[in-house]
Amino acid sequence: MKQKKYIAGLYFRLSQEDERQGESASIDNQRTMLRKYAEEHSFEIHDEYIDDSISGTTFQRPGVQRLLDDAKTGIINTIIVKDLSRFGRNYIEVGQYIDYVFPAFGIRFIAIQDNVDTENRDSGSMEMMPIMNVFNEWHAANTSKKIRAVKRAHAIEGKFSASRTPYGYLKGTDEKKTFQIDTETAPVVKRIFEMYASGISPDKIAAKFNEEDIPSAGRIAFLRTGRKYNNNEHPYWEQATIRPILKNIAYLGHLAQQKFTSVSYKNHKVIRKGQSDWVIVYNTHEPIISQELWDKVQERMKSRAKGRRMHTGVTHPLSGFLYCADCGGKLKMGYVWDKKKNDYRYNFDCGRLKRYGKSYCFSHHITASVLEEIVLGDIRDMAQKIVLDEDEIKKEFIRQNAELADKSMEASKKSLQSKQKRVEELGRLIQNVYEDKVNGKMPEKTCFEFIDKYSAERETLLGEIETLEENLKATESTKQTADDFIKAIKKYLNAPALTREMCYELIDRVIVGGLPKITGKERTIEIVYKVDIMSVLRHKLK
């Protein structure tokens, strides 16, 4: 009988953790061992496949993927590794390849130090292989846990660990790499916040900076170090570079780290954590902007009113804030030329009426100047009432919101605990199902059906948990808004005109009723403020 010719692929892998263990785990050491083994057993070596500084918990590695492709296409029929952990530390996937995939393609798998050789499936080492795979995965999980703990400890101590500082700062030379003000770019950061708070959009800020030839973060790095732009950087300013700056609390003097994580030590997909899970160390470095300016910007970013610039070059203060009382759509701004005043006269009407016609809604036409006068008058009136009885209004607001927040938080926390418990249970179920398959208690098809089902449910729950955590944080923050709103509205007690900055700071929306000649009743205009100070101050103007 003709002896089978074995064409081998030699696979080497070195993770970052292996590098710390020294020469015994190095690529060169693995190469020497595997080549010697292949020569002693008269295997023909086709190629070497290498993954350097990559974890074995994922099979999305370029070297191992090329190895598997060559094996499945028949280029090689033997795979040799130093030990099972080199091939992978995910015991489910390692077991699938060795028990099912490799036999199906006629591939021989050899792990030298573990005495595993799939040509001799009756050996004691083959019987022990599931246990070795489980141990290798435990080692990966334990290592991952230790590394995460060290990184978190450094973050809690206020040690900056990223490679680059935010635009506006330089990395310090001390142990914690404390941020230092960059005198060239810090004024640009402050200007971005001031422009946005005044009602200028990120697009217009970017256009202005490009016009003035102000270097972007990517361009600054290139000019100073010669480093090429990466995929997230550009030589010019754009909306996508402005918005992250407006959301970064580093500019208040606080260091926020641990914002991202991987799904698990097996799944290396990077996900953004909820802000409640960040590690934030306050007052670690000199701020670039004030708390007041930060608060203004965040209020505007939360606003639903984006505004629209007219062909005449005007963006009205109330643009984007106005809603139809009958169909719920936004009011659209229009204009006509006033020959007497030799200027444009602006107005608002239901956007859906203009878009779809009278079959959808009816006229809610109102002159912009009249609406401005009503809103500004209401702001002044509310400011006057607050000045006269500020302490009592504040107490009542806090009492009402505390009652609502407590009820909402109690229900959300119960739901959150239930979902978290189910996620833990699903993790155990997935592991139990695979172990039953390995032990011959469950057919392979049934096993994978259960794993797919449990995994899909787990992913859905993780998304719901993230939403609940965000809602809880938002509910807690409402208890602290009274002072800020009262302070904001009092400064507009004698405001001469309505501004877009004023609207962003105070107003959530304005609901405009239909024309009296159509509805047969007086028009109502309801102004909904961002903070409901007291029920007596929530009213309709007629």
# chains A, B, ... in the order shown; residues from 1 in each chain; ligands from 1

call {"tool": "select_by_dssp", "arguments": {"residues": "range 326-444 of chain A", "states": "strand (DSSP E or B)", "output": "ChimeraX atom specification"}}
result
/A:330-338,343-350,366-367

call {"tool": "write_last_selection", "arguments": {"atoms": "C-alpha atoms", "output": "mmCIF file, in the first residue's frame"}}
result
data_model
loop_
_atom_site.group_PDB
_atom_site.id
_atom_site.type_symbol
_atom_site.label_atom_id
_atom_site.label_comp_id
_atom_site.auth_asym_id
_atom_site.auth_seq_id
_atom_site.Cartn_x
_atom_site.Cartn_y
_atom_site.Cartn_z
ATOM 1 C CA LYS A 330 -42.670 71.146 12.149
ATOM 2 C CA LEU A 331 -43.542 74.644 10.972
ATOM 3 C CA LYS A 332 -41.666 75.787 7.895
ATOM 4 C CA MET A 333 -40.339 79.288 7.438
ATOM 5 C CA GLY A 334 -41.233 81.412 4.436
ATOM 6 C CA TYR A 335 -40.675 85.005 3.365
ATOM 7 C CA VAL A 336 -42.026 87.723 1.103
ATOM 8 C CA TRP A 337 -40.532 90.981 -0.049
ATOM 9 C CA ASP A 338 -41.979 94.000 1.749
ATOM 10 C CA ASP A 343 -36.801 94.239 3.294
ATOM 11 C CA TYR A 344 -37.927 90.611 3.686
ATOM 12 C CA ARG A 345 -40.895 89.802 5.939
ATOM 13 C CA TYR A 346 -40.707 86.294 7.444
ATOM 14 C CA ASN A 347 -43.504 83.958 8.466
ATOM 15 C CA PHE A 348 -44.153 80.350 9.544
ATOM 16 C CA ASP A 349 -46.756 77.805 8.458
ATOM 17 C CA CYS A 350 -47.319 74.056 8.789
ATOM 18 C CA ILE A 366 -48.145 83.327 11.728
ATOM 19 C CA THR A 367 -45.829 86.282 11.185
#

call {"tool": "select_by_dssp", "arguments": {"residues": "range 169-355 of chain A", "states": "alpha helix (DSSP H)", "output": "ChimeraX atom specification"}}
result
/A:186-197,202-211,217-225,239-247,291-302,351-355

call {"tool": "closest_residue", "arguments": {"among": "A:Glu425, A:Glu175, A:Glu211, A:Glu466", "to": "Ile271 in chain A", "atoms": "only C-alpha atoms"}}
result
A:Glu466

call {"tool": "closest_residue", "arguments": {"among": "A:Arg89, A:Lys445, A:Arg224, A:Arg108", "to": "Glu184 in chain A", "atoms": "only C-alpha atoms"}}
result
A:Arg224

call {"tool": "closest_residue", "arguments": {"among": "A:Thr467, A:Ser290, A:Ser369, A:Ser53", "to": "Lys273 in chain A", "atoms": "only C-alpha atoms"}}
result
A:Thr467

call {"tool": "closest_residue", "arguments": {"among": "A:Val116, A:Ile181, A:Leu468, A:Ile7", "to": "His41 in chain A", "atoms": "only C-alpha atoms"}}
result
A:Ile7

call {"tool": "closest_residue", "arguments": {"among": "A:Glu212, A:Asp381, A:Glu373, A:Glu194", "to": "Ile288 in chain A", "atoms": "only C-alpha atoms"}}
result
A:Glu194

call {"tool": "residues_around", "arguments": {"residues": "Tyr196 in chain A", "least_positions_apart": "6", "cutoff": "8 Å", "atoms": "only C-alpha atoms", "output": "NGL selection string"}}
result
:A and (202 or 205 or 297)

call {"tool": "write_last_selection", "arguments": {"atoms": "N, CA and C atoms", "output": "PDB file, in the first residue's frame"}}
result
ATOM      1  N   PRO A 202     -21.856  73.137  13.410  1.00  0.00           N
ATOM      2  CA  PRO A 202     -20.523  72.546  13.198  1.00  0.00           C
ATOM      3  C   PRO A 202     -20.039  72.687  11.757  1.00  0.00           C
ATOM      4  N   ILE A 205     -18.804  76.230  11.369  1.00  0.00           N
ATOM      5  CA  ILE A 205     -17.542  76.404  12.107  1.00  0.00           C
ATOM      6  C   ILE A 205     -16.397  75.823  11.288  1.00  0.00           C
ATOM      7  N   VAL A 297     -23.322  74.563  25.678  1.00  0.00           N
ATOM      8  CA  VAL A 297     -23.097  73.728  24.494  1.00  0.00           C
ATOM      9  C   VAL A 297     -23.864  72.417  24.591  1.00  0.00           C
TER      10      VAL A 297
END

call {"tool": "atom_distance", "arguments": {"atom1": "CA of Tyr323 in chain A", "atom2": "CA of Val510 in chain A"}}
result
6.1 Å

call {"tool": "residues_around", "arguments": {"residues": "Cys447 in chain A", "least_positions_apart": "2", "cutoff": "12 Å", "atoms": "only C-alpha atoms", "output": "list in words"}}
result
Ile92, Gln96, Leu429, Ile430, Gln431, Asn432, Val433, Tyr434, Glu435, Asp436, Lys437, Val438, Asn439, Gly440, Lys441, Met442, Pro443, Glu444, Lys445, Glu449, Phe450, Ile451, Asp452, Lys453 and Tyr454 of chain A

call {"tool": "write_last_selection", "arguments": {"atoms": "C-alpha atoms", "output": "short mmCIF file (atom, residue, chain, number, x, y, z; two decimals), in the first residue's frame"}}
result
data_model
loop_
_atom_site.label_atom_id
_atom_site.label_comp_id
_atom_site.auth_asym_id
_atom_site.auth_seq_id
_atom_site.Cartn_x
_atom_site.Cartn_y
_atom_site.Cartn_z
CA ILE A 92 -15.64 25.75 21.41
CA GLN A 96 -15.19 22.33 16.20
CA LEU A 429 -26.51 27.76 29.05
CA ILE A 430 -24.24 28.24 26.01
CA GLN A 431 -21.33 26.66 27.88
CA ASN A 432 -23.48 23.74 29.14
CA VAL A 433 -24.82 23.01 25.65
CA TYR A 434 -21.35 22.76 24.14
CA GLU A 435 -20.11 20.57 27.00
CA ASP A 436 -23.09 18.23 26.43
CA LYS A 437 -22.13 18.03 22.75
CA VAL A 438 -18.48 17.25 23.60
CA ASN A 439 -19.59 14.52 26.03
CA GLY A 440 -21.87 12.97 23.42
CA LYS A 441 -25.11 13.90 25.21
CA MET A 442 -26.38 16.16 22.43
CA PRO A 443 -26.26 15.99 18.59
CA GLU A 444 -24.10 18.61 16.89
CA LYS A 445 -26.98 20.15 14.93
CA GLU A 449 -29.27 25.57 17.10
CA PHE A 450 -29.33 26.20 20.85
CA ILE A 451 -26.13 28.27 20.72
CA ASP A 452 -27.52 30.48 17.91
CA LYS A 453 -30.79 30.94 19.79
CA TYR A 454 -29.14 31.81 23.11
#

call {"tool": "atom_distance", "arguments": {"atom1": "CA of His254 in chain A", "atom2": "CA of Glu286 in chain A"}}
result
8.6 Å

call {"tool": "atom_distance", "arguments": {"atom1": "CA of Phe43 in chain A", "atom2": "CA of Phe102 in chain A"}}
result
17.8 Å

call {"tool": "residues_around", "arguments": {"residues": "Lys171 in chain A", "least_positions_apart": "2", "cutoff": "12 Å", "atoms": "only C-alpha atoms", "output": "ChimeraX atom specification"}}
result
/A:159-169,173-182,285

call {"tool": "write_last_selection", "arguments": {"atoms": "C-alpha atoms", "output": "PDB file, in the first residue's frame"}}
result
ATOM      1  CA  LYS A 159      -2.659  57.912  34.548  1.00  0.00           C
ATOM      2  CA  PHE A 160      -3.241  58.732  30.878  1.00  0.00           C
ATOM      3  CA  SER A 161      -2.758  55.586  28.780  1.00  0.00           C
ATOM      4  CA  ALA A 162      -3.747  56.522  25.220  1.00  0.00           C
ATOM      5  CA  SER A 163      -1.204  57.368  22.537  1.00  0.00           C
ATOM      6  CA  ARG A 164      -2.553  60.825  21.671  1.00  0.00           C
ATOM      7  CA  THR A 165      -4.009  63.686  23.697  1.00  0.00           C
ATOM      8  CA  PRO A 166      -7.172  65.579  22.706  1.00  0.00           C
ATOM      9  CA  TYR A 167      -6.732  68.538  20.340  1.00  0.00           C
ATOM     10  CA  GLY A 168      -5.762  71.517  22.504  1.00  0.00           C
ATOM     11  CA  TYR A 169      -3.465  69.608  24.867  1.00  0.00           C
ATOM     12  CA  THR A 173       6.408  64.286  30.919  1.00  0.00           C
ATOM     13  CA  ASP A 174       5.412  63.262  34.466  1.00  0.00           C
ATOM     14  CA  GLU A 175       4.441  59.701  35.478  1.00  0.00           C
ATOM     15  CA  LYS A 176       0.729  60.344  34.880  1.00  0.00           C
ATOM     16  CA  LYS A 177       1.397  62.132  31.563  1.00  0.00           C
ATOM     17  CA  THR A 178      -0.769  65.022  32.769  1.00  0.00           C
ATOM     18  CA  PHE A 179      -2.270  67.146  29.982  1.00  0.00           C
ATOM     19  CA  GLN A 180      -0.562  70.475  29.341  1.00  0.00           C
ATOM     20  CA  ILE A 181      -2.226  73.385  27.542  1.00  0.00           C
ATOM     21  CA  ASP A 182      -1.149  73.636  23.893  1.00  0.00           C
ATOM     22  CA  HIS A 285      -5.377  69.207  34.503  1.00  0.00           C
TER      23      HIS A 285
END

call {"tool": "residues_around", "arguments": {"residues": "Ser42 in chain A", "least_positions_apart": "2", "cutoff": "12 Å", "atoms": "only C-alpha atoms", "output": "list of chain:residue names"}}
result
A:Gln3, A:Lys4, A:Lys5, A:Tyr6, A:Ile7, A:Ala8, A:Arg35, A:Lys36, A:Tyr37, A:Ala38, A:Glu39, A:Glu40, A:Glu44, A:Ile45

call {"tool": "residues_around", "arguments": {"residues": "Glu292 in chain A", "least_positions_apart": "4", "cutoff": "10 Å", "atoms": "only C-alpha atoms", "output": "list in words"}}
result
Lys296, Val297, Asp484 and Ala488 of chain A
